[in-house]
>>> print(open('final29.pdb').read())   # PDB, C-alpha atoms
MODEL        1
ATOM      1  CA  MET A   1     -68.092  28.227  -8.685
ATOM      2  CA  ASP A   2     -67.494  27.355 -12.331
ATOM      3  CA  MET A   3     -69.741  27.969 -15.335
ATOM      4  CA  PRO A   4     -68.631  25.588 -18.113
ATOM      5  CA  ASP A   5     -71.680  26.533 -20.178
ATOM      6  CA  SER A   6     -74.303  29.270 -20.052
ATOM      7  CA  HIS A   7     -76.879  26.645 -19.074
ATOM      8  CA  CYS A   8     -75.087  25.112 -16.086
ATOM      9  CA  ARG A   9     -73.079  26.115 -13.029
ATOM     10  CA  VAL A  10     -70.772  23.741 -11.205
ATOM     11  CA  SER A  11     -69.726  24.031  -7.564
ATOM     12  CA  ARG A  12     -67.630  21.631  -5.506
ATOM     13  CA  ASP A  13     -66.977  21.259  -1.816
ATOM     14  CA  GLY A  14     -63.987  19.817  -0.005
ATOM     15  CA  ARG A  15     -65.608  16.394   0.298
ATOM     16  CA  GLY A  16     -65.691  15.806  -3.445
ATOM     17  CA  VAL A  17     -69.413  16.602  -3.707
ATOM     18  CA  VAL A  18     -70.233  18.437  -6.937
ATOM     19  CA  ARG A  19     -73.470  20.274  -7.627
ATOM     20  CA  LEU A  20     -74.418  20.885 -11.248
ATOM     21  CA  THR A  21     -77.135  23.540 -11.408
ATOM     22  CA  ILE A  22     -79.165  23.932 -14.601
ATOM     23  CA  CYS A  23     -79.662  27.631 -15.280
ATOM     24  CA  ASN A  24     -80.729  30.207 -17.862
ATOM     25  CA  ALA A  25     -83.474  27.873 -19.066
ATOM     26  CA  GLY A  26     -86.536  29.738 -17.812
ATOM     27  CA  ALA A  27     -88.357  29.478 -14.511
ATOM     28  CA  LEU A  28     -89.021  25.755 -14.979
ATOM     29  CA  ASN A  29     -85.607  24.850 -16.426
ATOM     30  CA  ILE A  30     -86.984  23.776 -19.794
ATOM     31  CA  LEU A  31     -84.571  21.839 -21.999
ATOM     32  CA  GLY A  32     -84.005  23.131 -25.504
ATOM     33  CA  SER A  33     -81.201  21.902 -27.731
ATOM     34  CA  ALA A  34     -78.682  24.454 -26.469
ATOM     35  CA  ALA A  35     -79.267  23.526 -22.827
ATOM     36  CA  ILE A  36     -79.215  19.795 -23.606
ATOM     37  CA  VAL A  37     -75.855  20.004 -25.386
ATOM     38  CA  GLY A  38     -74.327  22.318 -22.782
ATOM     39  CA  ILE A  39     -75.321  20.161 -19.813
ATOM     40  CA  GLN A  40     -74.236  16.944 -21.510
ATOM     41  CA  THR A  41     -70.843  18.425 -22.362
ATOM     42  CA  ALA A  42     -70.368  19.546 -18.757
ATOM     43  CA  LEU A  43     -71.304  16.094 -17.461
ATOM     44  CA  GLN A  44     -68.885  14.364 -19.806
ATOM     45  CA  SER A  45     -66.099  16.658 -18.653
ATOM     46  CA  LEU A  46     -66.900  16.071 -14.984
ATOM     47  CA  ALA A  47     -67.009  12.311 -15.569
ATOM     48  CA  GLU A  48     -63.243  12.384 -16.173
ATOM     49  CA  ASP A  49     -62.612  13.742 -12.655
ATOM     50  CA  HIS A  50     -61.957  10.710 -10.467
ATOM     51  CA  GLY A  51     -62.036  12.871  -7.339
ATOM     52  CA  ILE A  52     -65.797  13.407  -7.595
ATOM     53  CA  ARG A  53     -67.573  11.238  -5.045
ATOM     54  CA  VAL A  54     -71.168  12.430  -5.471
ATOM     55  CA  LEU A  55     -72.904  14.554  -8.107
ATOM     56  CA  VAL A  56     -76.084  16.465  -7.244
ATOM     57  CA  LEU A  57     -78.190  17.537 -10.236
ATOM     58  CA  ALA A  58     -80.330  20.578  -9.443
ATOM     59  CA  GLY A  59     -82.305  23.396 -11.027
ATOM     60  CA  GLU A  60     -81.743  27.105 -10.590
ATOM     61  CA  SER A  61     -85.208  27.753  -9.135
ATOM     62  CA  GLU A  62     -87.390  25.968  -6.622
ATOM     63  CA  LYS A  63     -90.050  25.466  -9.293
ATOM     64  CA  SER A  64     -88.313  22.542 -10.986
ATOM     65  CA  MET A  65     -85.117  20.577 -11.521
ATOM     66  CA  ILE A  66     -86.131  20.115 -15.165
ATOM     67  CA  GLY A  67     -89.687  20.980 -16.147
ATOM     68  CA  GLY A  68     -89.530  19.156 -19.464
ATOM     69  CA  ALA A  69     -88.370  19.539 -23.053
ATOM     70  CA  ASP A  70     -88.940  22.744 -24.989
ATOM     71  CA  ILE A  71     -92.363  22.489 -26.650
ATOM     72  CA  LYS A  72     -91.803  25.720 -28.582
ATOM     73  CA  GLU A  73     -88.736  24.188 -30.221
ATOM     74  CA  MET A  74     -90.415  20.821 -30.769
ATOM     75  CA  ALA A  75     -93.457  22.401 -32.439
ATOM     76  CA  LYS A  76     -91.208  23.459 -35.345
ATOM     77  CA  LEU A  77     -89.655  20.032 -35.958
ATOM     78  CA  ASP A  78     -90.097  17.669 -38.889
ATOM     79  CA  GLN A  79     -89.291  13.941 -38.856
ATOM     80  CA  ALA A  80     -85.562  14.329 -39.368
ATOM     81  CA  SER A  81     -85.064  17.217 -36.950
ATOM     82  CA  ALA A  82     -87.325  15.506 -34.398
ATOM     83  CA  GLU A  83     -85.082  12.459 -34.410
ATOM     84  CA  GLY A  84     -82.056  14.722 -33.993
ATOM     85  CA  PHE A  85     -83.653  16.544 -31.052
ATOM     86  CA  ILE A  86     -84.682  13.393 -29.216
ATOM     87  CA  SER A  87     -81.285  11.803 -29.880
ATOM     88  CA  ARG A  88     -79.631  14.781 -28.177
ATOM     89  CA  LEU A  89     -81.928  14.370 -25.172
ATOM     90  CA  ALA A  90     -81.142  10.652 -25.083
ATOM     91  CA  GLY A  91     -77.441  11.530 -25.063
ATOM     92  CA  LEU A  92     -77.952  13.757 -22.032
ATOM     93  CA  CYS A  93     -79.839  11.008 -20.202
ATOM     94  CA  GLU A  94     -77.055   8.547 -20.993
ATOM     95  CA  ALA A  95     -74.425  10.990 -19.729
ATOM     96  CA  VAL A  96     -76.318  11.077 -16.418
ATOM     97  CA  ARG A  97     -76.912   7.326 -16.346
ATOM     98  CA  ASN A  98     -73.288   6.468 -17.115
ATOM     99  CA  PHE A  99     -71.713   9.078 -14.845
ATOM    100  CA  PRO A 100     -69.185   7.020 -12.832
ATOM    101  CA  ALA A 101     -70.056   8.443  -9.387
ATOM    102  CA  PRO A 102     -73.520   8.359  -7.799
ATOM    103  CA  VAL A 103     -75.928  11.010  -9.100
ATOM    104  CA  ILE A 104     -78.680  12.474  -6.900
ATOM    105  CA  ALA A 105     -81.627  14.287  -8.471
ATOM    106  CA  ARG A 106     -82.786  17.240  -6.362
ATOM    107  CA  MET A 107     -86.430  17.559  -7.405
ATOM    108  CA  PRO A 108     -88.602  20.467  -6.267
ATOM    109  CA  GLY A 109     -91.818  21.427  -8.028
ATOM    110  CA  TRP A 110     -92.580  20.157 -11.516
ATOM    111  CA  CYS A 111     -90.874  17.195 -13.175
ATOM    112  CA  LEU A 112     -92.483  16.390 -16.505
ATOM    113  CA  GLY A 113     -91.659  14.517 -19.695
ATOM    114  CA  GLY A 114     -88.003  14.855 -20.583
ATOM    115  CA  GLY A 115     -87.311  16.103 -17.073
ATOM    116  CA  LEU A 116     -88.614  12.862 -15.611
ATOM    117  CA  GLU A 117     -86.545  10.891 -18.105
ATOM    118  CA  VAL A 118     -83.381  12.673 -16.923
ATOM    119  CA  ALA A 119     -84.421  12.049 -13.308
ATOM    120  CA  ALA A 120     -85.013   8.358 -14.058
ATOM    121  CA  ALA A 121     -81.423   8.180 -15.314
ATOM    122  CA  CYS A 122     -80.153   9.403 -11.916
ATOM    123  CA  ASP A 123     -79.257   6.915  -9.198
ATOM    124  CA  ILE A 124     -81.259   8.474  -6.361
ATOM    125  CA  ARG A 125     -84.226  10.838  -6.562
ATOM    126  CA  VAL A 126     -85.130  13.164  -3.674
ATOM    127  CA  ALA A 127     -88.367  15.112  -4.117
ATOM    128  CA  GLY A 128     -89.728  18.217  -2.500
ATOM    129  CA  HIS A 129     -92.953  17.925  -0.531
ATOM    130  CA  ASP A 130     -94.915  19.666  -3.294
ATOM    131  CA  ALA A 131     -93.322  17.938  -6.296
ATOM    132  CA  GLN A 132     -95.510  16.879  -9.207
ATOM    133  CA  PHE A 133     -94.619  14.242 -11.791
ATOM    134  CA  GLY A 134     -96.024  13.374 -15.184
ATOM    135  CA  MET A 135     -95.416  12.251 -18.747
ATOM    136  CA  PRO A 136     -97.706  14.526 -20.778
ATOM    137  CA  GLU A 137     -96.314  13.802 -24.253
ATOM    138  CA  VAL A 138     -99.389  12.086 -25.701
ATOM    139  CA  ARG A 139    -101.425  15.204 -24.954
ATOM    140  CA  VAL A 140     -99.234  17.187 -27.338
ATOM    141  CA  GLY A 141     -99.232  14.547 -30.055
ATOM    142  CA  ILE A 142     -96.025  12.605 -29.413
ATOM    143  CA  PRO A 143     -95.216   9.369 -27.575
ATOM    144  CA  SER A 144     -92.973   9.190 -24.528
ATOM    145  CA  VAL A 145     -89.717   7.638 -25.714
ATOM    146  CA  ILE A 146     -86.003   7.172 -24.958
ATOM    147  CA  HIS A 147     -85.440   6.945 -21.183
ATOM    148  CA  ALA A 148     -89.112   6.596 -20.411
ATOM    149  CA  ALA A 149     -88.101   2.977 -21.031
ATOM    150  CA  LEU A 150     -86.487   3.044 -17.583
ATOM    151  CA  LEU A 151     -89.834   3.619 -15.881
ATOM    152  CA  PRO A 152     -91.085  -0.009 -15.946
ATOM    153  CA  ARG A 153     -87.906  -0.981 -14.091
ATOM    154  CA  LEU A 154     -88.701   1.608 -11.422
ATOM    155  CA  ILE A 155     -92.464   1.441 -11.023
ATOM    156  CA  GLY A 156     -93.658  -1.590 -13.017
ATOM    157  CA  TRP A 157     -95.537  -1.882 -16.276
ATOM    158  CA  GLY A 158     -99.010  -1.054 -14.974
ATOM    159  CA  ARG A 159     -98.055   2.245 -13.393
ATOM    160  CA  THR A 160     -95.875   3.124 -16.378
ATOM    161  CA  ARG A 161     -98.832   2.551 -18.705
ATOM    162  CA  TRP A 162    -100.960   4.758 -16.479
ATOM    163  CA  LEU A 163     -98.426   7.619 -16.522
ATOM    164  CA  LEU A 164     -97.678   7.428 -20.251
ATOM    165  CA  MET A 165    -101.202   6.774 -21.534
ATOM    166  CA  THR A 166    -103.310   9.039 -19.290
ATOM    167  CA  ALA A 167    -100.720  11.859 -19.154
ATOM    168  CA  ASP A 168    -102.033  12.671 -15.670
ATOM    169  CA  THR A 169     -99.716  13.925 -12.939
ATOM    170  CA  ILE A 170     -99.018  12.355  -9.567
ATOM    171  CA  ASP A 171     -97.919  14.054  -6.353
ATOM    172  CA  ALA A 172     -94.831  13.391  -4.264
ATOM    173  CA  PRO A 173     -96.416  10.941  -1.778
ATOM    174  CA  THR A 174     -97.775   8.878  -4.671
ATOM    175  CA  ALA A 175     -94.410   8.958  -6.433
ATOM    176  CA  LEU A 176     -92.765   7.696  -3.238
ATOM    177  CA  ALA A 177     -95.311   4.916  -2.806
ATOM    178  CA  TRP A 178     -94.798   3.855  -6.414
ATOM    179  CA  GLY A 179     -90.997   3.857  -6.135
ATOM    180  CA  LEU A 180     -90.564   6.679  -8.637
ATOM    181  CA  VAL A 181     -88.647   8.691  -6.018
ATOM    182  CA  ASP A 182     -86.583   7.454  -3.085
ATOM    183  CA  ALA A 183     -87.373  10.150  -0.530
ATOM    184  CA  VAL A 184     -89.748  13.063  -0.057
ATOM    185  CA  ALA A 185     -88.533  16.002   1.997
ATOM    186  CA  ALA A 186     -90.650  17.910   4.474
ATOM    187  CA  GLU A 187     -91.536  21.470   3.537
ATOM    188  CA  GLY A 188     -88.401  23.612   3.460
ATOM    189  CA  GLU A 189     -86.152  20.585   4.050
ATOM    190  CA  LEU A 190     -85.178  19.519   0.526
ATOM    191  CA  ASP A 191     -81.512  20.438   0.851
ATOM    192  CA  ARG A 192     -81.344  18.733   4.238
ATOM    193  CA  ALA A 193     -82.859  15.575   2.733
ATOM    194  CA  VAL A 194     -80.359  15.648  -0.141
ATOM    195  CA  GLU A 195     -77.492  16.150   2.312
ATOM    196  CA  LYS A 196     -78.631  13.121   4.296
ATOM    197  CA  VAL A 197     -78.256  10.993   1.172
ATOM    198  CA  VAL A 198     -74.896  12.607   0.403
ATOM    199  CA  GLU A 199     -73.630  11.715   3.874
ATOM    200  CA  SER A 200     -74.717   8.098   3.439
ATOM    201  CA  LEU A 201     -72.833   7.873   0.148
ATOM    202  CA  LEU A 202     -69.723   9.528   1.571
ATOM    203  CA  ALA A 203     -69.643   6.929   4.343
ATOM    204  CA  CYS A 204     -69.001   4.265   1.685
ATOM    205  CA  GLY A 205     -65.780   3.427  -0.109
ATOM    206  CA  PRO A 206     -65.599   5.678  -3.177
ATOM    207  CA  GLU A 207     -64.038   2.992  -5.376
ATOM    208  CA  ALA A 208     -66.558   0.428  -4.155
ATOM    209  CA  LEU A 209     -69.425   2.789  -4.967
ATOM    210  CA  ARG A 210     -68.153   3.397  -8.490
ATOM    211  CA  SER A 211     -67.800  -0.350  -8.971
ATOM    212  CA  GLN A 212     -71.280  -0.952  -7.569
ATOM    213  CA  LYS A 213     -72.818   1.607  -9.910
ATOM    214  CA  ALA A 214     -71.082   0.018 -12.907
ATOM    215  CA  LEU A 215     -72.325  -3.409 -11.845
ATOM    216  CA  LEU A 216     -75.893  -2.179 -11.506
ATOM    217  CA  ARG A 217     -75.788  -0.767 -15.029
ATOM    218  CA  GLN A 218     -74.424  -4.073 -16.400
ATOM    219  CA  TRP A 219     -76.973  -6.148 -14.486
ATOM    220  CA  GLU A 220     -79.770  -4.287 -16.271
ATOM    221  CA  ASP A 221     -78.733  -5.904 -19.566
ATOM    222  CA  LEU A 222     -77.573  -9.362 -18.443
ATOM    223  CA  PRO A 223     -79.342 -12.640 -17.656
ATOM    224  CA  LEU A 224     -79.091 -13.533 -13.973
ATOM    225  CA  LYS A 225     -76.489 -16.270 -14.464
ATOM    226  CA  ASP A 226     -74.218 -13.969 -16.460
ATOM    227  CA  ALA A 227     -74.669 -11.130 -13.958
ATOM    228  CA  ILE A 228     -73.581 -13.394 -11.128
ATOM    229  CA  GLU A 229     -70.560 -14.708 -13.007
ATOM    230  CA  MET A 230     -69.262 -11.327 -14.142
ATOM    231  CA  SER A 231     -69.601  -9.951 -10.613
ATOM    232  CA  ILE A 232     -66.891 -12.290  -9.336
ATOM    233  CA  GLY A 233     -64.192 -10.370 -11.179
ATOM    234  CA  ALA A 234     -65.465  -7.059  -9.838
ATOM    235  CA  PHE A 235     -65.243  -8.432  -6.299
ATOM    236  CA  GLY A 236     -61.665  -9.558  -6.860
ATOM    237  CA  ARG A 237     -60.623  -6.270  -8.419
ATOM    238  CA  SER A 238     -61.839  -4.375  -5.371
ATOM    239  CA  PHE A 239     -58.894  -5.861  -3.472
ATOM    240  CA  LEU A 240     -56.496  -4.097  -5.828
ATOM    241  CA  THR A 241     -57.351  -0.951  -3.822
ATOM    242  CA  ASP A 242     -56.771  -0.350  -0.138
ATOM    243  CA  GLU A 243     -60.465   0.101   0.584
ATOM    244  CA  PRO A 244     -61.356  -3.450   1.714
ATOM    245  CA  LYS A 245     -58.442  -3.728   4.126
ATOM    246  CA  ARG A 246     -58.830  -0.201   5.468
ATOM    247  CA  LEU A 247     -62.601  -0.115   5.808
ATOM    248  CA  MET A 248     -62.965  -3.691   7.051
ATOM    249  CA  GLN A 249     -60.355  -3.045   9.727
ATOM    250  CA  HIS A 250     -62.231   0.082  10.742
ATOM    251  CA  PHE A 251     -65.396  -1.996  11.056
ATOM    252  CA  ILE A 252     -63.591  -4.668  13.102
ATOM    253  CA  ASP A 253     -62.058  -2.084  15.421
ATOM    254  CA  ARG A 254     -65.425  -0.405  15.904
ATOM    255  CA  LYS A 255     -67.059  -3.671  16.965
ATOM    256  CA  ARG A 256     -64.542  -4.371  19.736
TER     257      ARG A 256
ENDMDL
END
>>> encode(input="final29.pdb", output="structure tokens")
Amino acid sequence: MDMPDSHCRVSRDGRGVVRLTICNAGALNILGSAAIVGIQTALQSLAEDHGIRVLVLAGESEKSMIGGADIKEMAKLDQASAEGFISRLAGLCEAVRNFPAPVIARMPGWCLGGGLEVAAACDIRVAGHDAQFGMPEVRVGIPSVIHAALLPRLIGWGRTRWLLMTADTIDAPTALAWGLVDAVAAEGELDRAVEKVVESLLACGPEALRSQKALLRQWEDLPLKDAIEMSIGAFGRSFLTDEPKRLMQHFIDRKR
């Protein structure tokens, strides 16, 4: 167990699975500037470790992974400091989004505002049976911004408008039906559900997964024709590793 910052703990198992636990941020893991900077710095350091195969982002309590951004801090902001605060939160979301290995969000309890933006930046979201989701910013006088822009890609424009403009919350089954989360665990089974996803990822070629994640990020910004063309090089480069030969042969041998 390592503690690179007072707001996060890092543990790693022998499979290359790392768990980053947000801590010392209150019962709901609320993100103030200190927590945002500490977690982002830890993520950027971990991103340099090529041995990491999966990263699980979690909260210290079962009440939330990240409950939201710190309203007490935001209430004291002016225009300039507000832009600084939200830029720091955007940097954290980008550190999650650009992490080279797959990132799983472990999501019990409440996931609101900035917490949902961080979750949207993760690759896979696994919710607890009692999880609640919302974007309540307009109720406290601010718009939802930065990585809320990912939500239309996940759930469509209509449902995004509903979340951002009504500020109402939705439950875990609704979030699953909308595509906001990828799985909902049964009561008491959240860690088991996360582990199931971890095992699926570990069954894949680690270099292929990193390449696939990079491609997905690039596809978000490219026209279809360009996305197809640039993918050809990524396919070719995969044969610079031993993964295709080794894993394809394993598949062939298994089918005999």
>>> atom_distance(input="final29.pdb", atom1="CA of Ser61 (chain A)", atom2="CA of Pro108 (chain A)")
8.5 Å
>>> resolve_selection(input="final29.pdb", expression="the PyMOL selection byres ((chain A and resi 122) around 8)", output="number ranges by chain")
A: 96-97, 102-105, 118-121, 123-125
>>> residues_around(input="final29.pdb", residues="Leu215 (chain A)", least_positions_apart="6", cutoff="9 Å", atoms="all atoms listed in the file", output="NGL selection string")
:A and (227 or 230-231 or 234)
>>> write_last_selection(input="final29.pdb", atoms="C-alpha atoms", output="short mmCIF file (atom, residue, chain, number, x, y, z; two decimals), in the coordinates of the input")
data_model
loop_
_atom_site.label_atom_id
_atom_site.label_comp_id
_atom_site.auth_asym_id
_atom_site.auth_seq_id
_atom_site.Cartn_x
_atom_site.Cartn_y
_atom_site.Cartn_z
CA ALA A 227 -74.67 -11.13 -13.96
CA MET A 230 -69.26 -11.33 -14.14
CA SER A 231 -69.60 -9.95 -10.61
CA ALA A 234 -65.46 -7.06 -9.84
#
>>> resolve_selection(input="final29.pdb", expression="the PyMOL selection byres ((chain A and resi 151-160) around 8)", output="list in words")
Ala120, His147, Ala148, Ala149, Leu150, Arg161, Trp162, Leu163, Leu164, Trp178, Gly179 and Leu180 of chain A
>>> resolve_selection(input="final29.pdb", expression="the PyMOL selection byres ((chain A and resi 138) around 12)", output="PyMOL selection string")
chain A and resi 113+134-137+139-145+161-168
>>> axis_aligned_box(input="final29.pdb", around="region 213-228 of chain A", padding_each_side="5 Å", output="JSON")
{"center_x": -75.4, "center_y": -7.3, "center_z": -14.7, "size_x": 18.7, "size_y": 27.9, "size_z": 19.7}
>>> atom_distance(input="final29.pdb", atom1="CA of Leu55 (chain A)", atom2="CA of Ser200 (chain A)")
13.4 Å
>>> atom_distance(input="final29.pdb", atom1="CA of Ala82 (chain A)", atom2="CA of Leu28 (chain A)")
22.0 Å
>>> residues_around(input="final29.pdb", residues="His129 (chain A)", least_positions_apart="3", cutoff="10 Å", atoms="only C-alpha atoms", output="ChimeraX atom specification")
/A:107-109,126,132,171-173,183-190
>>> closest_residue(input="final29.pdb", among="A:Ala175, A:Ala131, A:Val18, A:Val194", to="Val54 (chain A)", atoms="only C-alpha atoms")
A:Val18
>>> closest_residue(input="final29.pdb", among="A:Arg217, A:Leu222, A:Ile66, A:Leu209", to="Asn98 (chain A)", atoms="all atoms listed in the file")
A:Arg217
>>> residues_around(input="final29.pdb", residues="Pro100 (chain A)", least_positions_apart="4", cutoff="8 Å", atoms="all atoms listed in the file", output="MDAnalysis selection string")
chainID A and resid 47 210 213:214
>>> closest_residue(input="final29.pdb", among="A:Ile36, A:Leu20, A:Ala203, A:Val181", to="Ser87 (chain A)", atoms="all atoms listed in the file")
A:Ile36
